[in-house]
Each structure stands twice: as C-alpha cells, then as structure tokens.
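One file, protein.cif, carrying mmCIF, C-alpha atoms:
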```cif
data_protein
loop_
_atom_site.group_PDB
_atom_site.id
_atom_site.type_symbol
_atom_site.label_atom_id
_atom_site.label_comp_id
_atom_site.auth_asym_id
_atom_site.auth_seq_id
_atom_site.Cartn_x
_atom_site.Cartn_y
_atom_site.Cartn_z
ATOM 1 C CA MET N 1 122.694 -193.541 -109.695
ATOM 2 C CA ASP N 2 121.688 -193.328 -106.030
ATOM 3 C CA LEU N 3 124.371 -191.158 -104.455
ATOM 4 C CA THR N 4 122.914 -191.719 -100.978
ATOM 5 C CA SER N 5 123.629 -195.449 -101.147
ATOM 6 C CA PRO N 6 126.712 -196.555 -99.142
ATOM 7 C CA SER N 7 127.415 -199.200 -101.795
ATOM 8 C CA THR N 8 127.289 -196.577 -104.573
ATOM 9 C CA ILE N 9 129.602 -194.313 -102.594
ATOM 10 C CA LYS N 10 132.041 -197.203 -102.184
ATOM 11 C CA GLU N 11 131.881 -198.038 -105.905
ATOM 12 C CA ILE N 12 132.621 -194.418 -106.824
ATOM 13 C CA ARG N 13 135.508 -194.229 -104.378
ATOM 14 C CA ASP N 14 136.977 -197.496 -105.632
ATOM 15 C CA ARG N 15 136.587 -196.547 -109.301
ATOM 16 C CA HIS N 16 138.362 -193.227 -108.793
ATOM 17 C CA ASN N 17 140.762 -194.537 -106.123
ATOM 18 C CA PHE N 18 139.503 -191.742 -103.889
ATOM 19 C CA GLN N 19 140.735 -191.583 -100.316
ATOM 20 C CA LEU N 20 138.659 -189.665 -97.781
ATOM 21 C CA SER N 21 140.431 -186.734 -96.176
ATOM 22 C CA LYS N 22 139.988 -186.379 -92.427
ATOM 23 C CA SER N 23 141.677 -182.991 -92.580
ATOM 24 C CA LEU N 24 138.923 -181.747 -94.912
ATOM 25 C CA GLY N 25 136.139 -183.222 -92.789
ATOM 26 C CA GLN N 26 134.652 -185.315 -95.584
ATOM 27 C CA ASN N 27 131.451 -187.087 -94.548
ATOM 28 C CA PHE N 28 128.815 -187.970 -97.154
ATOM 29 C CA ILE N 29 125.043 -187.953 -96.523
ATOM 30 C CA THR N 30 123.177 -191.251 -96.978
ATOM 31 C CA ASP N 31 119.658 -190.141 -96.030
ATOM 32 C CA ARG N 32 117.466 -188.589 -98.744
ATOM 33 C CA ASN N 33 115.157 -187.062 -96.134
ATOM 34 C CA VAL N 34 118.045 -184.900 -94.926
ATOM 35 C CA LEU N 35 118.652 -183.674 -98.474
ATOM 36 C CA ASP N 36 114.967 -182.796 -98.828
ATOM 37 C CA GLN N 37 115.050 -180.919 -95.524
ATOM 38 C CA ILE N 38 118.034 -178.837 -96.633
ATOM 39 C CA ILE N 39 116.514 -177.989 -100.018
ATOM 40 C CA SER N 40 113.070 -177.193 -98.617
ATOM 41 C CA GLY N 41 114.543 -175.371 -95.612
ATOM 42 C CA ALA N 42 116.547 -173.195 -97.982
ATOM 43 C CA GLY N 43 113.431 -172.439 -99.978
ATOM 44 C CA VAL N 44 115.093 -173.339 -103.281
ATOM 45 C CA SER N 45 112.751 -172.498 -106.158
ATOM 46 C CA GLU N 46 112.761 -172.362 -109.932
ATOM 47 C CA GLY N 47 114.837 -169.460 -111.141
ATOM 48 C CA ASP N 48 117.129 -169.414 -108.100
ATOM 49 C CA LEU N 49 120.912 -169.404 -108.024
ATOM 50 C CA VAL N 50 122.314 -171.914 -105.526
ATOM 51 C CA ILE N 51 125.872 -171.614 -104.243
ATOM 52 C CA GLU N 52 126.943 -174.886 -102.644
ATOM 53 C CA ILE N 53 129.931 -175.078 -100.327
ATOM 54 C CA GLY N 54 131.694 -178.444 -100.323
ATOM 55 C CA PRO N 55 129.632 -180.620 -102.710
ATOM 56 C CA GLY N 56 131.540 -183.830 -101.949
ATOM 57 C CA ILE N 57 130.391 -186.397 -104.508
ATOM 58 C CA GLY N 58 127.453 -184.225 -105.581
ATOM 59 C CA VAL N 59 124.486 -185.721 -103.757
ATOM 60 C CA LEU N 60 123.075 -182.389 -102.517
ATOM 61 C CA THR N 61 124.230 -180.665 -105.707
ATOM 62 C CA ALA N 62 122.049 -182.950 -107.813
ATOM 63 C CA GLU N 63 119.005 -182.333 -105.620
ATOM 64 C CA ALA N 64 119.441 -178.570 -105.974
ATOM 65 C CA ALA N 65 120.006 -178.835 -109.728
ATOM 66 C CA GLU N 66 116.622 -180.549 -110.123
ATOM 67 C CA ILE N 67 114.934 -177.307 -109.027
ATOM 68 C CA ALA N 68 117.215 -174.280 -109.299
ATOM 69 C CA ALA N 69 118.106 -172.413 -112.485
ATOM 70 C CA ARG N 70 121.812 -172.573 -111.708
ATOM 71 C CA VAL N 71 124.000 -174.360 -109.153
ATOM 72 C CA ILE N 72 127.593 -173.280 -108.569
ATOM 73 C CA ALA N 73 129.495 -175.665 -106.294
ATOM 74 C CA ILE N 74 132.788 -174.716 -104.648
ATOM 75 C CA GLU N 75 135.008 -177.697 -103.826
ATOM 76 C CA ILE N 76 138.529 -177.457 -102.379
ATOM 77 C CA ASP N 77 139.571 -181.092 -102.998
ATOM 78 C CA ARG N 78 140.841 -181.452 -106.562
ATOM 79 C CA ASN N 79 140.517 -185.242 -106.248
ATOM 80 C CA LEU N 80 136.729 -184.846 -106.142
ATOM 81 C CA ILE N 81 136.533 -182.881 -109.400
ATOM 82 C CA PRO N 82 136.571 -185.936 -111.729
ATOM 83 C CA ILE N 83 134.003 -187.629 -109.489
ATOM 84 C CA LEU N 84 131.716 -184.602 -109.670
ATOM 85 C CA LYS N 85 132.153 -184.498 -113.437
ATOM 86 C CA GLU N 86 130.808 -188.050 -113.523
ATOM 87 C CA THR N 87 128.004 -187.798 -110.963
ATOM 88 C CA LEU N 88 126.686 -184.472 -112.294
ATOM 89 C CA SER N 89 127.140 -185.214 -116.003
ATOM 90 C CA SER N 90 123.397 -185.172 -116.676
ATOM 91 C CA TYR N 91 122.957 -181.590 -115.393
ATOM 92 C CA ASP N 92 123.775 -178.709 -117.719
ATOM 93 C CA ASN N 93 122.944 -176.102 -115.065
ATOM 94 C CA VAL N 94 125.802 -177.011 -112.692
ATOM 95 C CA GLU N 95 129.245 -175.427 -112.489
ATOM 96 C CA VAL N 96 131.974 -176.761 -110.198
ATOM 97 C CA ILE N 97 134.759 -174.452 -109.049
ATOM 98 C CA ASN N 98 137.885 -176.044 -107.569
ATOM 99 C CA GLN N 99 138.807 -173.436 -104.960
ATOM 100 C CA ASP N 100 139.095 -172.854 -101.227
ATOM 101 C CA VAL N 101 135.830 -171.139 -100.300
ATOM 102 C CA LEU N 102 137.638 -168.995 -97.726
ATOM 103 C CA LYS N 103 139.728 -167.520 -100.549
ATOM 104 C CA THR N 104 136.883 -167.255 -103.057
ATOM 105 C CA ASP N 105 135.139 -164.018 -104.014
ATOM 106 C CA ILE N 106 131.574 -165.293 -103.809
ATOM 107 C CA THR N 107 130.101 -161.866 -104.507
ATOM 108 C CA GLU N 108 131.989 -161.792 -107.807
ATOM 109 C CA ILE N 109 130.618 -165.246 -108.673
ATOM 110 C CA ILE N 110 127.072 -164.075 -107.989
ATOM 111 C CA ASN N 111 127.541 -160.864 -109.979
ATOM 112 C CA ARG N 112 128.936 -162.833 -112.913
ATOM 113 C CA ALA N 113 125.982 -165.213 -112.884
ATOM 114 C CA LYS N 114 123.624 -162.243 -112.757
ATOM 115 C CA ALA N 115 125.391 -160.492 -115.628
ATOM 116 C CA ASP N 116 125.200 -163.695 -117.685
ATOM 117 C CA LYS N 117 121.465 -163.921 -116.858
ATOM 118 C CA LEU N 118 121.857 -167.443 -115.486
ATOM 119 C CA PHE N 119 119.110 -166.949 -112.893
ATOM 120 C CA THR N 120 116.079 -164.744 -112.261
ATOM 121 C CA GLY N 121 115.218 -165.605 -108.665
ATOM 122 C CA LYS N 122 116.918 -165.475 -105.297
ATOM 123 C CA VAL N 123 120.429 -166.456 -104.240
ATOM 124 C CA ARG N 124 120.697 -169.371 -101.802
ATOM 125 C CA VAL N 125 123.791 -170.760 -100.111
ATOM 126 C CA ILE N 126 123.661 -174.408 -99.041
ATOM 127 C CA GLY N 127 126.191 -176.931 -97.817
ATOM 128 C CA ASN N 128 127.337 -179.622 -95.452
ATOM 129 C CA LEU N 129 130.135 -177.650 -93.816
ATOM 130 C CA PRO N 130 133.347 -179.249 -92.570
ATOM 131 C CA TYR N 131 133.242 -178.972 -88.776
ATOM 132 C CA TYR N 132 136.690 -177.446 -88.475
ATOM 133 C CA ILE N 133 135.898 -174.340 -90.566
ATOM 134 C CA THR N 134 132.164 -173.875 -89.992
ATOM 135 C CA THR N 135 132.498 -170.573 -88.129
ATOM 136 C CA PRO N 136 135.062 -168.995 -90.507
ATOM 137 C CA ILE N 137 132.857 -169.825 -93.516
ATOM 138 C CA ILE N 138 129.713 -168.381 -91.951
ATOM 139 C CA MET N 139 131.462 -165.242 -90.737
ATOM 140 C CA LYS N 140 133.091 -164.733 -94.151
ATOM 141 C CA LEU N 141 129.663 -164.722 -95.812
ATOM 142 C CA LEU N 142 128.202 -162.354 -93.230
ATOM 143 C CA GLU N 143 131.127 -159.973 -92.740
ATOM 144 C CA GLU N 144 131.736 -159.591 -96.467
ATOM 145 C CA GLY N 145 128.061 -158.815 -97.011
ATOM 146 C CA VAL N 146 127.721 -161.447 -99.726
ATOM 147 C CA PRO N 147 124.344 -160.668 -101.388
ATOM 148 C CA VAL N 148 122.389 -163.827 -100.547
ATOM 149 C CA ASP N 149 118.809 -164.384 -99.440
ATOM 150 C CA SER N 150 119.494 -167.400 -97.241
ATOM 151 C CA ILE N 151 122.323 -169.558 -95.915
ATOM 152 C CA THR N 152 121.157 -173.097 -95.151
ATOM 153 C CA VAL N 153 124.001 -175.215 -93.863
ATOM 154 C CA MET N 154 124.646 -178.332 -91.831
ATOM 155 C CA MET N 155 127.159 -178.194 -88.994
ATOM 156 C CA GLN N 156 128.133 -179.851 -85.731
ATOM 157 C CA LYS N 157 125.131 -179.732 -83.387
ATOM 158 C CA GLU N 158 127.146 -178.136 -80.595
ATOM 159 C CA VAL N 159 128.138 -175.239 -82.862
ATOM 160 C CA ALA N 160 124.560 -174.824 -84.065
ATOM 161 C CA ASP N 161 123.343 -174.713 -80.461
ATOM 162 C CA ARG N 162 125.813 -171.917 -79.710
ATOM 163 C CA ILE N 163 124.781 -169.927 -82.775
ATOM 164 C CA ARG N 164 121.073 -170.215 -81.902
ATOM 165 C CA SER N 165 121.413 -169.479 -78.191
ATOM 166 C CA GLY N 166 120.024 -166.383 -76.521
ATOM 167 C CA PRO N 167 120.863 -164.499 -73.316
ATOM 168 C CA GLY N 168 120.786 -166.553 -70.131
ATOM 169 C CA ASN N 169 121.774 -169.772 -71.871
ATOM 170 C CA LYS N 170 125.136 -171.417 -71.119
ATOM 171 C CA ALA N 171 125.735 -171.890 -74.847
ATOM 172 C CA TYR N 172 125.265 -168.161 -75.499
ATOM 173 C CA GLY N 173 128.547 -166.517 -76.414
ATOM 174 C CA ALA N 174 130.430 -164.299 -78.826
ATOM 175 C CA ILE N 175 129.513 -166.428 -81.869
ATOM 176 C CA SER N 176 125.809 -166.215 -80.917
ATOM 177 C CA VAL N 177 125.987 -162.423 -80.845
ATOM 178 C CA ALA N 178 128.091 -162.191 -84.000
ATOM 179 C CA VAL N 179 125.798 -164.323 -86.179
ATOM 180 C CA GLN N 180 122.559 -162.918 -84.784
ATOM 181 C CA TYR N 181 123.833 -159.384 -85.340
ATOM 182 C CA TYR N 182 123.758 -160.150 -89.064
ATOM 183 C CA CYS N 183 120.802 -162.494 -89.439
ATOM 184 C CA ASP N 184 117.799 -164.350 -88.079
ATOM 185 C CA VAL N 185 118.509 -167.980 -87.204
ATOM 186 C CA GLU N 186 116.141 -170.928 -87.655
ATOM 187 C CA ARG N 187 116.714 -174.603 -86.920
ATOM 188 C CA VAL N 188 115.711 -176.760 -89.877
ATOM 189 C CA ALA N 189 116.562 -180.225 -88.586
ATOM 190 C CA ASN N 190 118.741 -182.267 -86.259
ATOM 191 C CA VAL N 191 120.703 -184.933 -88.115
ATOM 192 C CA PRO N 192 122.045 -188.072 -86.372
ATOM 193 C CA LYS N 193 125.618 -189.165 -87.038
ATOM 194 C CA GLU N 194 124.368 -192.527 -88.308
ATOM 195 C CA VAL N 195 123.299 -191.048 -91.687
ATOM 196 C CA PHE N 196 126.862 -190.241 -92.804
ATOM 197 C CA VAL N 197 129.620 -192.217 -94.490
ATOM 198 C CA PRO N 198 132.027 -192.333 -92.793
ATOM 199 C CA ARG N 199 130.210 -191.836 -89.512
ATOM 200 C CA PRO N 200 131.379 -188.765 -87.555
ATOM 201 C CA LYS N 201 131.652 -188.784 -83.780
ATOM 202 C CA VAL N 202 128.898 -186.200 -83.222
ATOM 203 C CA ASP N 203 125.399 -185.341 -84.427
ATOM 204 C CA SER N 204 124.701 -182.452 -86.780
ATOM 205 C CA THR N 205 122.108 -179.714 -87.166
ATOM 206 C CA VAL N 206 120.868 -177.852 -90.228
ATOM 207 C CA LEU N 207 120.438 -174.121 -89.644
ATOM 208 C CA ASN N 208 118.799 -171.554 -91.870
ATOM 209 C CA LEU N 209 120.427 -168.133 -91.580
ATOM 210 C CA LEU N 210 118.378 -165.274 -93.015
ATOM 211 C CA PRO N 211 120.577 -162.184 -93.531
ATOM 212 C CA LEU N 212 118.984 -158.975 -92.310
ATOM 213 C CA SER N 213 120.499 -157.323 -95.372
ATOM 214 C CA ALA N 214 118.176 -159.317 -97.651
ATOM 215 C CA GLU N 215 115.347 -157.445 -99.339
ATOM 216 C CA GLY N 216 112.226 -157.268 -97.181
ATOM 217 C CA SER N 217 113.956 -158.134 -93.911
ATOM 218 C CA GLY N 218 112.659 -154.957 -92.266
ATOM 219 C CA HIS N 219 116.112 -153.830 -91.126
ATOM 220 C CA GLU N 220 116.801 -151.283 -93.839
ATOM 221 C CA GLU N 221 117.066 -148.441 -91.300
ATOM 222 C CA THR N 222 119.997 -150.123 -89.535
ATOM 223 C CA GLY N 223 121.764 -151.105 -92.746
ATOM 224 C CA GLY N 224 120.721 -154.724 -92.525
ATOM 225 C CA ARG N 225 122.065 -155.128 -89.005
ATOM 226 C CA ARG N 226 120.344 -156.082 -85.748
ATOM 227 C CA VAL N 227 121.308 -152.804 -84.083
ATOM 228 C CA GLU N 228 122.578 -149.428 -85.244
ATOM 229 C CA LEU N 229 126.188 -148.869 -84.230
ATOM 230 C CA ALA N 230 128.544 -145.944 -84.113
ATOM 231 C CA ASP N 231 131.525 -148.239 -84.639
ATOM 232 C CA GLU N 232 131.140 -151.879 -85.679
ATOM 233 C CA LYS N 233 134.708 -152.718 -84.692
ATOM 234 C CA ALA N 234 134.094 -151.349 -81.197
ATOM 235 C CA PHE N 235 130.996 -153.556 -80.954
ATOM 236 C CA PHE N 236 132.876 -156.768 -81.727
ATOM 237 C CA ASN N 237 135.767 -155.773 -79.472
ATOM 238 C CA CYS N 238 133.278 -155.177 -76.676
ATOM 239 C CA VAL N 239 131.593 -158.559 -77.190
ATOM 240 C CA LYS N 240 134.921 -160.382 -77.381
ATOM 241 C CA ALA N 241 136.209 -158.707 -74.221
ATOM 242 C CA ALA N 242 132.973 -159.363 -72.316
ATOM 243 C CA PHE N 243 132.999 -163.090 -73.109
ATOM 244 C CA ALA N 244 136.774 -163.526 -72.714
ATOM 245 C CA GLN N 245 136.244 -164.202 -69.019
ATOM 246 C CA ARG N 246 132.560 -164.990 -68.971
ATOM 247 C CA ARG N 247 132.433 -166.031 -65.314
ATOM 248 C CA LYS N 248 133.494 -162.564 -64.252
ATOM 249 C CA THR N 249 131.223 -159.550 -63.972
ATOM 250 C CA LEU N 250 131.179 -157.121 -66.882
ATOM 251 C CA LEU N 251 133.038 -154.623 -64.734
ATOM 252 C CA ASN N 252 135.918 -157.044 -64.222
ATOM 253 C CA SER N 253 135.961 -158.709 -67.665
ATOM 254 C CA LEU N 254 135.824 -155.441 -69.601
ATOM 255 C CA SER N 255 138.427 -153.709 -67.446
ATOM 256 C CA SER N 256 140.890 -156.608 -67.713
ATOM 257 C CA ALA N 257 140.321 -157.523 -71.366
ATOM 258 C CA GLY N 258 139.309 -154.105 -72.662
ATOM 259 C CA GLY N 259 142.280 -152.162 -71.393
ATOM 260 C CA MET N 260 140.278 -149.623 -69.368
ATOM 261 C CA ASP N 261 140.323 -148.869 -65.662
ATOM 262 C CA LYS N 262 137.328 -149.953 -63.609
ATOM 263 C CA GLU N 263 136.024 -146.448 -62.965
ATOM 264 C CA LYS N 264 135.887 -145.758 -66.692
ATOM 265 C CA VAL N 265 134.127 -149.073 -67.340
ATOM 266 C CA LYS N 266 131.643 -148.413 -64.541
ATOM 267 C CA LEU N 267 130.866 -145.009 -66.017
ATOM 268 C CA LEU N 268 130.269 -146.414 -69.517
ATOM 269 C CA LEU N 269 128.105 -149.251 -68.190
ATOM 270 C CA GLY N 270 126.059 -146.707 -66.250
ATOM 271 C CA ARG N 271 125.550 -144.566 -69.338
ATOM 272 C CA ALA N 272 124.384 -147.685 -71.221
ATOM 273 C CA GLY N 273 121.948 -148.526 -68.410
ATOM 274 C CA ILE N 274 123.672 -151.802 -67.571
ATOM 275 C CA ASP N 275 124.428 -153.045 -64.039
ATOM 276 C CA PRO N 276 128.228 -153.533 -63.679
ATOM 277 C CA GLY N 277 127.573 -156.713 -61.702
ATOM 278 C CA ARG N 278 125.956 -158.521 -64.616
ATOM 279 C CA ARG N 279 127.776 -161.110 -66.705
ATOM 280 C CA ALA N 280 128.183 -161.164 -70.501
ATOM 281 C CA GLU N 281 125.836 -164.107 -70.989
ATOM 282 C CA THR N 282 122.896 -162.050 -69.661
ATOM 283 C CA LEU N 283 123.186 -159.190 -72.177
ATOM 284 C CA THR N 284 121.006 -158.911 -75.263
ATOM 285 C CA ILE N 285 122.499 -157.827 -78.569
ATOM 286 C CA GLU N 286 120.733 -154.489 -78.132
ATOM 287 C CA GLU N 287 122.448 -153.993 -74.773
ATOM 288 C CA PHE N 288 125.818 -154.876 -76.265
ATOM 289 C CA GLY N 289 125.056 -152.314 -78.960
ATOM 290 C CA ARG N 290 124.315 -149.566 -76.414
ATOM 291 C CA LEU N 291 127.462 -150.393 -74.470
ATOM 292 C CA ALA N 292 129.618 -150.472 -77.591
ATOM 293 C CA ASN N 293 128.255 -147.104 -78.687
ATOM 294 C CA GLU N 294 129.159 -145.642 -75.305
ATOM 295 C CA MET N 295 132.626 -147.185 -75.521
ATOM 296 C CA ALA N 296 133.133 -145.832 -79.043
ATOM 297 C CA GLY N 297 132.255 -142.330 -77.914
ATOM 298 C CA GLY N 298 133.746 -142.446 -74.456
ATOM 299 C CA ARG N 299 137.368 -143.413 -75.036
#
```

Conversion result in structure tokens:
Amino acid sequence: MDLTSPSTIKEIRDRHNFQLSKSLGQNFITDRNVLDQIISGAGVSEGDLVIEIGPGIGVLTAEAAEIAARVIAIEIDRNLIPILKETLSSYDNVEVINQDVLKTDITEIINRAKADKLFTGKVRVIGNLPYYITTPIIMKLLEEGVPVDSITVMMQKEVADRIRSGPGNKAYGAISVAVQYYCDVERVANVPKEVFVPRPKVDSTVLNLLPLSAEGSGHEETGGRRVELADEKAFFNCVKAAFAQRRKTLLNSLSSAGGMDKEKVKLLLGRAGIDPGRRAETLTIEEFGRLANEMAGGR
C-alpha cells in the first residue's frame, strides 16, 4: 500500500468515510523524498525510540517503523485511529496513542518505554506539525525538558525562518531566542505546498532541533542551556518586553513593557554593556542573558 499516492489516500478516506479537519491542520505528504529527508535528517537508527506527533494516516510512521526499534505515535483525531490500525497493521513495533500532544506526558511515555526495554538507542521526535500549534508543541518539548536527542519536524516555512533567524534579521524575534536558548537549529529541507493532499496555502520547512541538554552537546556547564542565567523567568520576560515594541530602542521598549523607569533601565543596560539606543533585533542571546541577569539582580 503506497500511502504517498493521492489515489490511495482517497480510497482510504472513502473506505473509512473520513473527513479532513481544517481545524486540526490535516495535510498528508505525497512525496517519498520528503519522508526520506525527515527520517535521515532525524538520524533515525536501529535501536532508536521514535515519538511521532500527528501521524495522520501513518505514512511517516511506517517509514520510521522500518528502521527504529519502537515508534510511538500521538494522534488527537480519534477518527484516524481505525485508519492507522489498518495502515500500520504489518508493524508490531508501533503504538498509537489517541491523545492531545499538548496534554500528554511525553517524558512518562519515554520512561515507560525505557523501563519495558523497548529500545536501546536514542530518542527522536518527528512529525508534520499542524501550523496552528507548531510553536506551542515545540516549546512544550523544550520547556518541559523532555529527554530527547533530536526534534525533527515540518512546519510552515515562515515559522521555520523565524526560529532559525539570528540577530540583525527582520525575522529574528522572541521565538528565535526562545528556541535557540534550548537547542541548535538546522534546516533539513524546504518542502513545496504541491506535495500535500490537500494542498496548503504556504510552503513548509523541515527543521532539526538538537537540544543542548542531550548527551555530548557540550553545554553541561550551563545545564543544557545556551547561556547561564540567574533567573530563567527574568530572561524570558526581558526578551518578551524587548520585542514587544521592536521598532523602539531597548531603553524605550523595556521601560514601557518592563514596568521600570528609564533611568533604571539605562543603568541596567550600562551594567550589561549594551547601548540603550540599540533595538531588540540586534541583541545576541548572550547579550539578552547578561541583561536578564542584571535585571534579576537589580530590581
């Protein structure tokens, strides 16, 4: 059964009377090269545990199951469960969980699989993420410190561009800083909208996120983070306030959004070695870290 074939997808939908849900962002991949790029980009190997977010009809799930020791797919749409039971019937190393990934304890799933000795290798997260909840899913994985070695996911190209951006780029913003604080970011592939059924309005990109908390990342001294912070909450508050009015100088944006008077902000910026006339989009994560540490200790 070729799950990348539009005619096969139609047959499956007709047989199960399955209606696509726009609210769940359901778009199925019809290009096998894209599947190969996701699997190879993720570095899936024998012995690995793969956690897939949003398996759809199981096309990427099946590719992962051909290599990995265990694949656990999390699917929110209960109407897809009987379809997945059919399309993945030949794989005894696949488990499908009918849950909302945002409400799922993924760490517990991984620990259970480890306790049951279902895998001996690394833990990989893969998925074709619904556009409307891409950022919440990624931040859930990173903020909760889910013990994974890589997160290889497809998302709207515009979102991927923002996540990958660095200082001085118009796309650089709070999400860029937030994701890069937790991990290294690599682009695996750009994916045109024409390879999906139904066809979305925008192109996609596959990103590989490599958590700095993973073994061998070289960030053990900072607890698996890009920078060492006195107060992580203060760091994210600082970043959010700085980008809230990104066209303003840091002096103005931080004083208006951060709830401090300008003289106090100027003093903290000076202690962090940052010109008050700069804008948020010019600061590196390290500079945000220095500023946040000053703010945490200077209130």

Counting only C-alpha atoms, what is within 9 Å of region 129-131 of chain N, bar same-chain residues fewer than 3 positions away, as a list in words?
Leu24, Gly25, Gln26, Asn27, Ile53, Gly54, Ile126, Thr134, Thr135, Ile137, Val153, Met154, Met155, Gln156 and Val159 of chain N

Please define a box with edges along x, y and z of the file around all atoms of region 106-120 of chain N given in the file, extend it by 4 Å on each side, and return its centre and edge lengths in Å to one decimal, as lines of an AutoDock Vina configuration file.
```
center_x = 124.0
center_y = -164.0
center_z = -110.7
size_x = 23.9
size_y = 15.0
size_z = 21.9
```

So how far away is CA of Leu84 (chain N) from CA of Gly121 (chain N), in Å?
25.2 Å

For the PyMOL selection byres ((chain N and resi 28-37) around 9), applied here, can you spell out every residue it catches as a compact mmCIF listing (two decimals) with C-alpha atoms, in the frame of the given file?
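For reference, expr-v7.txt as written:
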```
# COMPACT_ATOMS: atom_id res chain seq x y z
CA LEU N 3 124.37 -191.16 -104.46
CA THR N 4 122.91 -191.72 -100.98
CA SER N 5 123.63 -195.45 -101.15
CA PRO N 6 126.71 -196.56 -99.14
CA ILE N 9 129.60 -194.31 -102.59
CA GLN N 26 134.65 -185.32 -95.58
CA ASN N 27 131.45 -187.09 -94.55
CA ILE N 38 118.03 -178.84 -96.63
CA ILE N 39 116.51 -177.99 -100.02
CA SER N 40 113.07 -177.19 -98.62
CA GLY N 41 114.54 -175.37 -95.61
CA ALA N 42 116.55 -173.20 -97.98
CA GLY N 56 131.54 -183.83 -101.95
CA ILE N 57 130.39 -186.40 -104.51
CA VAL N 59 124.49 -185.72 -103.76
CA LEU N 60 123.08 -182.39 -102.52
CA GLU N 63 119.00 -182.33 -105.62
CA ASN N 128 127.34 -179.62 -95.45
CA VAL N 188 115.71 -176.76 -89.88
CA ALA N 189 116.56 -180.22 -88.59
CA VAL N 191 120.70 -184.93 -88.12
CA GLU N 194 124.37 -192.53 -88.31
CA VAL N 195 123.30 -191.05 -91.69
CA PHE N 196 126.86 -190.24 -92.80
CA VAL N 197 129.62 -192.22 -94.49
CA PRO N 198 132.03 -192.33 -92.79
CA ARG N 199 130.21 -191.84 -89.51
CA VAL N 206 120.87 -177.85 -90.23
```

Could you check the closest approach to Val148 (chain N) for each of N:Gly127, N:Pro276, N:Pro211, N:Pro200 and tell me which residue wins, using only C-alpha atoms?
N:Pro211

Using all atoms listed in the file, can you tell me which of N:Lys140, N:Lys122, N:Lys262, N:Arg78 comes closest to Asp105 (chain N)?
N:Lys140

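Distance annotation: of N:Ile67, N:Val265, N:Leu141, N:Val96, the residue with the minimal separation from Ile83 (chain N) is N:Val96; atom set is only C-alpha atoms.
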
Pick out the residues sitting within 7 Å of Ile151 (chain N), and hand them over as a list in words; count all atoms listed in the file, and ignore anything fewer than 3 positions along from it in its own chain.
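Non-adjacent residues within range: Arg124, Val125, Ile126, Asn208, Leu209 and Leu210 of chain N.
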
Just checking: using only C-alpha atoms, which residue out of N:Ile175, N:Leu251, N:Ala234, N:Leu269 ends up closest to Ile138 (chain N)?
N:Ile175

Non-local contacts of Lys85 (chain N) (12 Å; all atoms listed in the file; under 4 positions in same chain excluded) as a ChimeraX atom specification:
/N:12,16,55-58,61-62,73,78-81,89-92,94-98

Residue nearest Phe243 (chain N) - candidates N:Ala178, N:Leu102, N:Val123, N:Met260, atoms counted: only C-alpha atoms
N:Ala178

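The nearest approach to Tyr182 (chain N) among the residues N:Gly218, N:Gly145, N:Arg162, N:Arg225, with all atoms listed in the file taken into account, belongs to N:Arg225.
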
What do you get, as an MDAnalysis selection string, if you spell out every residue that the PyMOL selection byres ((chain N and resi 69) around 9) selects here?
chainID N and resid 45:50 65:68 70:71 93:94 118:121

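Interatomic distance, CA of Arg290 (chain N) against CA of Ala174 (chain N): 16.1 Å.
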
Rounded to one decimal place, report the CA of Arg226 (chain N)-CA of Tyr181 (chain N) distance in Å.
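We find that CA of Arg226 (chain N) and CA of Tyr181 (chain N) lie 4.8 Å from each other.
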